[in-house]
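Peer 1: Got a structure for you, written out below as structure tokens; questions coming shortly.
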Amino acid sequence: GEGCLSTCRLREPAAGMLRLGIACGVGGVLAGLPLARLVRWLRLNVPARPSTPFPLLSHSEWGEALARHGDRGMFALFSSVTGGVTTDAALMTVPIDDHIIVRGHAVFDTVTLCNGRLYRLTIHLERLLKSAESARLRLPFGDDPQHNKERMRDAIESACVAADRQDADVRFWLSAGPGNLGVTPAGCTPAFYVLVFGGLPSDPTWTTEGISEVTVPLEEVPVKPKLLAELKSTNYMLNALTSMAARDRGGTFGLAVDNGGMLMEACTLNVVAIGTDGVMRTPPFDNILAGTTVRRAMQLADSLVSSGDLTAVSQEPLALKQAYAAKELFLVAGDTHLYPITRLDGKPIGDGGVGPISRQLMQLLTNDARTGEDCHHDIPALCRK
Ligand SMILES: Cc1ncc(COP(=O)(O)O)c(C=O)c1O
């Protein structure tokens, strides 16, 4: 049988060549074989590359190998699996049987540590708990949501103090947790992880000079179903593909447009347009994520209405053609990031430069993160520095 023949194959290349030579030499015999059998016989007798096993590592060898991966800008990790915080990057891992990996059954959020304060922590924790409810995740610190919020805040604060930074990004995940490789979370222990890190890779010119952006056709990357689009789950493959498709076309993050020609959101950012009528518009949170930054930007923009720089702020459907005709167009996310879009699908937006509203809002968001009063959480040990 085929299995037997393949296990009988000669391992050494030279021996294989010898066999091939014999095969040619006995051509007379083989000539009598049907072509298909001959091809199969030859295929099975092509010398196989000898297998090279990977080593079985000891506990310390494994640890040393992880340590060699070096510092990747991760400062501290809290893990409910260990019940504490580590600042050793090599130990910042999650169990392989955690359903965050096994089935992508987890939700997350990100908060900015700015000037020793966790900027609008409550808003981010509330969105995490809402996402968790939609994802039918059990909470890690008992059943009471309020108690969970407090313990999560403690975990986040502890990780920040251990990181000993005044400014950083803090991403936290709530997972169905480790337990098995099954489908449902039955038998798993819910897990909570908090990572304090140095921020996402970005280019400073995105803010100062703006970005070129493109729309990504639905045929190339479909939009998420409503359930996944409105919660912040770890299922971000479509977001990644949107951004990759955008880069392929000379864009940056990639904008999704629905079947009716209405703008939705970028891969991980909300979109805002300033019309020639002076109205600041952003799409309703329907089939997209309720971004915390765009919500704050709308509140802060009220001061620009008062000053007469804007005529109104409105959350309403935004057509792609309105975006092309806008005075200014920009993306917001991550509490303080605002990226002006200076070209969309190759067409200049406004005068093709960074507009005055973009600049003012950028400043308002940055100031708010450093000194504003909303629902921030001060970390005394870091603020005092
Ligand atoms: C899909 C998506 N839309 C919008 C946003 C913007 O949300 P936020 O302003 O809360 O960062 C994000 C943020 O990660 C996102 O992933």
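FYI, nothing fancy with the structure tokens labels: chains A, B, ... in order, residues from 1 per chain, ligands from 1 as they appear.
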Would you name the residues within 6 Å of ligand 1, counting only C-alpha atoms and all ligand atoms, and put them as JSON, numbers by chain?
Peer 2: {"A": [267, 268, 269, 270, 289, 291, 292, 293, 294, 333, 334, 335]}
Peer 1: Please write the residues from the selection above to a file, keeping N, CA, C and O atoms, as an mmCIF file, in the first residue's frame.
Peer 2:
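The file below, result30.cif, is the result:
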```cif
data_model
loop_
_atom_site.group_PDB
_atom_site.id
_atom_site.type_symbol
_atom_site.label_atom_id
_atom_site.label_comp_id
_atom_site.auth_asym_id
_atom_site.auth_seq_id
_atom_site.Cartn_x
_atom_site.Cartn_y
_atom_site.Cartn_z
ATOM 1 N N CYS A 267 -10.888 51.040 10.325
ATOM 2 C CA CYS A 267 -10.614 49.729 10.946
ATOM 3 C C CYS A 267 -10.676 49.783 12.468
ATOM 4 O O CYS A 267 -11.237 48.883 13.081
ATOM 5 N N THR A 268 -10.146 50.828 13.062
ATOM 6 C CA THR A 268 -10.213 50.948 14.527
ATOM 7 C C THR A 268 -10.446 52.400 14.953
ATOM 8 O O THR A 268 -9.999 52.816 16.023
ATOM 9 N N LEU A 269 -11.129 53.156 14.106
ATOM 10 C CA LEU A 269 -11.357 54.578 14.422
ATOM 11 C C LEU A 269 -12.722 55.011 13.915
ATOM 12 O O LEU A 269 -13.237 54.447 12.937
ATOM 13 N N ASN A 270 -13.283 56.021 14.552
ATOM 14 C CA ASN A 270 -14.535 56.604 14.072
ATOM 15 C C ASN A 270 -14.223 57.756 13.132
ATOM 16 O O ASN A 270 -13.167 58.379 13.209
ATOM 17 N N LEU A 289 -18.738 50.579 16.254
ATOM 18 C CA LEU A 289 -18.434 50.678 17.681
ATOM 19 C C LEU A 289 -18.758 52.079 18.211
ATOM 20 O O LEU A 289 -18.488 53.070 17.528
ATOM 21 N N GLY A 291 -17.499 54.640 19.805
ATOM 22 C CA GLY A 291 -16.164 55.096 20.199
ATOM 23 C C GLY A 291 -16.225 56.081 21.351
ATOM 24 O O GLY A 291 -17.089 56.966 21.385
ATOM 25 N N THR A 292 -15.285 55.938 22.267
ATOM 26 C CA THR A 292 -15.265 56.856 23.414
ATOM 27 C C THR A 292 -14.685 58.214 22.993
ATOM 28 O O THR A 292 -15.093 59.249 23.495
ATOM 29 N N THR A 293 -13.744 58.183 22.043
ATOM 30 C CA THR A 293 -13.089 59.437 21.634
ATOM 31 C C THR A 293 -14.062 60.326 20.871
ATOM 32 O O THR A 293 -14.129 61.531 21.107
ATOM 33 N N VAL A 294 -14.826 59.710 19.956
ATOM 34 C CA VAL A 294 -15.753 60.528 19.164
ATOM 35 C C VAL A 294 -16.848 61.108 20.070
ATOM 36 O O VAL A 294 -17.294 62.238 19.882
ATOM 37 N N ALA A 333 -9.748 58.106 17.663
ATOM 38 C CA ALA A 333 -9.744 56.869 18.471
ATOM 39 C C ALA A 333 -8.699 56.999 19.560
ATOM 40 O O ALA A 333 -7.906 57.954 19.569
ATOM 41 N N GLY A 334 -8.724 56.011 20.452
ATOM 42 C CA GLY A 334 -7.657 55.900 21.452
ATOM 43 C C GLY A 334 -7.544 57.112 22.356
ATOM 44 O O GLY A 334 -6.435 57.480 22.753
ATOM 45 N N ASP A 335 -8.681 57.738 22.673
ATOM 46 C CA ASP A 335 -8.778 58.851 23.629
ATOM 47 C C ASP A 335 -8.226 60.177 23.109
ATOM 48 O O ASP A 335 -8.857 61.213 23.270
#
```
Peer 1: Each residue of segment 215-329 of chain A lying at most 10 Å from segment 133-151 of chain A should get a row with its shortest atom-to-atom pair and the distance in Å to one decimal, counting only C-alpha atoms; could you produce that, ordered by chain and increasing number, as CSV?
Peer 2:
```
residue,atom,partner,partner_atom,distance
A:Leu227,CA,A:Ser134,CA,7.7
A:Leu228,CA,A:Ala135,CA,8.9
A:Glu230,CA,A:Ser134,CA,9.1
A:Leu231,CA,A:Ser134,CA,7.2
A:Lys232,CA,A:Ala135,CA,9.4
A:Ser233,CA,A:Ala135,CA,7.9
```
Peer 1: Quick one: residues within 8 Å of Ala312 of chain A, only C-alpha atoms, excluding same-chain residues fewer than 5 positions away - as an mmCIF file with N, CA, C and O atoms, in the first residue's frame?
Peer 2:
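Output contents, as saved in result-v7.cif:
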```cif
data_model
loop_
_atom_site.group_PDB
_atom_site.id
_atom_site.type_symbol
_atom_site.label_atom_id
_atom_site.label_comp_id
_atom_site.auth_asym_id
_atom_site.auth_seq_id
_atom_site.Cartn_x
_atom_site.Cartn_y
_atom_site.Cartn_z
ATOM 1 N N GLY A 278 -20.655 74.053 8.024
ATOM 2 C CA GLY A 278 -20.111 74.244 9.374
ATOM 3 C C GLY A 278 -20.623 73.234 10.388
ATOM 4 O O GLY A 278 -20.358 73.366 11.589
ATOM 5 N N VAL A 279 -21.347 72.195 9.913
ATOM 6 C CA VAL A 279 -21.849 71.177 10.854
ATOM 7 C C VAL A 279 -20.823 70.045 10.967
ATOM 8 O O VAL A 279 -20.303 69.564 9.948
ATOM 9 N N MET A 280 -20.552 69.660 12.211
ATOM 10 C CA MET A 280 -19.674 68.499 12.447
ATOM 11 C C MET A 280 -20.563 67.267 12.547
ATOM 12 O O MET A 280 -21.463 67.226 13.382
ATOM 13 N N ASP A 302 -18.685 71.387 21.401
ATOM 14 C CA ASP A 302 -19.689 72.397 21.775
ATOM 15 C C ASP A 302 -19.037 73.763 21.959
ATOM 16 O O ASP A 302 -19.632 74.802 21.645
ATOM 17 N N VAL A 305 -18.824 75.442 18.790
ATOM 18 C CA VAL A 305 -20.112 75.998 18.352
ATOM 19 C C VAL A 305 -20.289 77.353 19.038
ATOM 20 O O VAL A 305 -20.640 78.348 18.398
#
```
Peer 1: Using DSSP secondary structure from the backbone, list all helix (DSSP H, G or I) positions within segment 240-359 of chain A, as an MDAnalysis selection string.
Peer 2: chainID A and resid 240:248 292:300 302:306 320:324 356:359
Peer 1: Restricting the calculation to only C-alpha atoms, which member of A:Pro222, A:Gly250, A:Pro185, A:Gly350 is positioned closest to Ile100 of chain A?
Peer 2: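 Among the listed residues, the smallest separation from Ile100 of chain A belongs to A:Pro185.
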Peer 1: Nearest residue to Ala326 of chain A out of A:Gln299, A:Val170, A:Leu238, A:Thr276, using only C-alpha atoms?
Peer 2: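 Of all the options, A:Thr276 lies closest to Ala326 of chain A.
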Peer 1: For segment 205-219 of chain A, please output as a VMD selection string all residues within 9 Å (counting only C-alpha atoms; exclusion window: fewer than 5 positions along the same chain).
Peer 2: chain A and resid 242 to 243 245 to 247 249 to 259 263 266 330 337 to 346 348 353 to 354 359 362
Peer 1: Using N, CA and C atoms, can you export the residues from the last selection as a compact mmCIF listing (two decimals), in the first residue's frame?
Peer 2:
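Result file is selection04.txt:
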```
# COMPACT_ATOMS: atom_id res chain seq x y z
N THR A 242 -9.15 45.04 6.67
CA THR A 242 -9.54 46.36 6.14
C THR A 242 -8.31 47.26 6.07
N SER A 243 -7.53 47.28 7.14
CA SER A 243 -6.37 48.14 7.17
C SER A 243 -5.32 47.68 6.14
N ALA A 245 -5.94 46.05 3.34
CA ALA A 245 -6.46 46.38 2.00
C ALA A 245 -6.24 47.86 1.73
N ALA A 246 -6.43 48.69 2.77
CA ALA A 246 -6.23 50.14 2.61
C ALA A 246 -4.77 50.45 2.26
N ARG A 247 -3.86 49.81 2.99
CA ARG A 247 -2.43 50.06 2.72
C ARG A 247 -2.08 49.66 1.28
N ARG A 249 -3.83 49.97 -1.20
CA ARG A 249 -4.35 50.97 -2.14
C ARG A 249 -3.84 52.38 -1.86
N GLY A 250 -2.84 52.49 -1.00
CA GLY A 250 -2.29 53.82 -0.72
C GLY A 250 -3.02 54.54 0.40
N GLY A 251 -3.91 53.85 1.10
CA GLY A 251 -4.60 54.44 2.26
C GLY A 251 -3.88 54.08 3.54
N THR A 252 -4.53 54.33 4.67
CA THR A 252 -3.87 54.12 5.95
C THR A 252 -4.63 53.12 6.83
N PHE A 253 -5.89 53.45 7.16
CA PHE A 253 -6.66 52.56 8.05
C PHE A 253 -7.77 51.85 7.28
N GLY A 254 -8.32 52.51 6.26
CA GLY A 254 -9.40 51.91 5.47
C GLY A 254 -10.75 52.24 6.04
N LEU A 255 -11.61 52.80 5.19
CA LEU A 255 -12.97 53.18 5.61
C LEU A 255 -13.99 52.23 5.01
N ALA A 256 -14.89 51.75 5.86
CA ALA A 256 -15.96 50.88 5.36
C ALA A 256 -17.17 51.75 5.00
N VAL A 257 -17.80 51.40 3.86
CA VAL A 257 -18.99 52.11 3.39
C VAL A 257 -20.07 51.06 3.23
N ASP A 258 -21.28 51.33 3.73
CA ASP A 258 -22.32 50.29 3.64
C ASP A 258 -22.94 50.23 2.24
N ASN A 259 -23.85 49.28 2.04
CA ASN A 259 -24.44 49.08 0.70
C ASN A 259 -25.17 50.31 0.19
N LEU A 263 -21.01 56.12 5.08
CA LEU A 263 -19.76 55.80 5.77
C LEU A 263 -20.05 55.11 7.09
N ALA A 266 -13.61 53.48 10.33
CA ALA A 266 -12.34 52.95 9.84
C ALA A 266 -12.00 51.70 10.65
N PHE A 330 -11.86 63.70 9.41
CA PHE A 330 -10.80 63.13 10.25
C PHE A 330 -11.28 61.87 10.97
N HIS A 337 -6.21 60.45 19.93
CA HIS A 337 -5.69 60.45 18.55
C HIS A 337 -6.71 61.03 17.58
N LEU A 338 -6.25 61.99 16.80
CA LEU A 338 -7.08 62.58 15.74
C LEU A 338 -6.20 62.66 14.48
N TYR A 339 -6.62 61.96 13.44
CA TYR A 339 -5.84 61.94 12.20
C TYR A 339 -6.65 62.59 11.09
N PRO A 340 -6.23 63.81 10.64
CA PRO A 340 -6.94 64.46 9.54
C PRO A 340 -6.75 63.67 8.25
N ILE A 341 -7.85 63.49 7.50
CA ILE A 341 -7.76 62.84 6.18
C ILE A 341 -7.64 63.96 5.16
N THR A 342 -6.49 64.03 4.49
CA THR A 342 -6.29 65.13 3.53
C THR A 342 -6.63 64.69 2.10
N ARG A 343 -6.64 63.36 1.86
CA ARG A 343 -7.07 62.83 0.56
C ARG A 343 -7.90 61.59 0.83
N LEU A 344 -9.03 61.50 0.12
CA LEU A 344 -9.85 60.29 0.23
C LEU A 344 -10.07 59.73 -1.17
N ASP A 345 -9.72 58.48 -1.35
CA ASP A 345 -9.80 57.82 -2.66
C ASP A 345 -9.15 58.68 -3.75
N GLY A 346 -8.04 59.31 -3.38
CA GLY A 346 -7.26 60.10 -4.36
C GLY A 346 -7.75 61.53 -4.51
N PRO A 348 -8.57 65.34 -3.06
CA PRO A 348 -8.24 66.16 -1.88
C PRO A 348 -9.50 66.52 -1.09
N GLY A 353 -5.14 70.22 3.05
CA GLY A 353 -4.25 70.34 4.21
C GLY A 353 -5.00 70.02 5.50
N VAL A 354 -4.31 70.17 6.63
CA VAL A 354 -4.94 69.95 7.93
C VAL A 354 -5.75 71.19 8.28
N ARG A 359 -7.31 70.85 13.99
CA ARG A 359 -6.25 71.31 14.90
C ARG A 359 -6.80 71.66 16.28
N MET A 362 -7.92 68.51 18.18
CA MET A 362 -6.73 67.77 18.62
C MET A 362 -6.25 68.34 19.95
```
Peer 1: Check the smallest atom-to-atom distance from each of A:Thr184, A:Gln360, A:Thr282, A:Ser202 to Asp98 of chain A using only C-alpha atoms, then report the winner.
Peer 2: A:Thr184
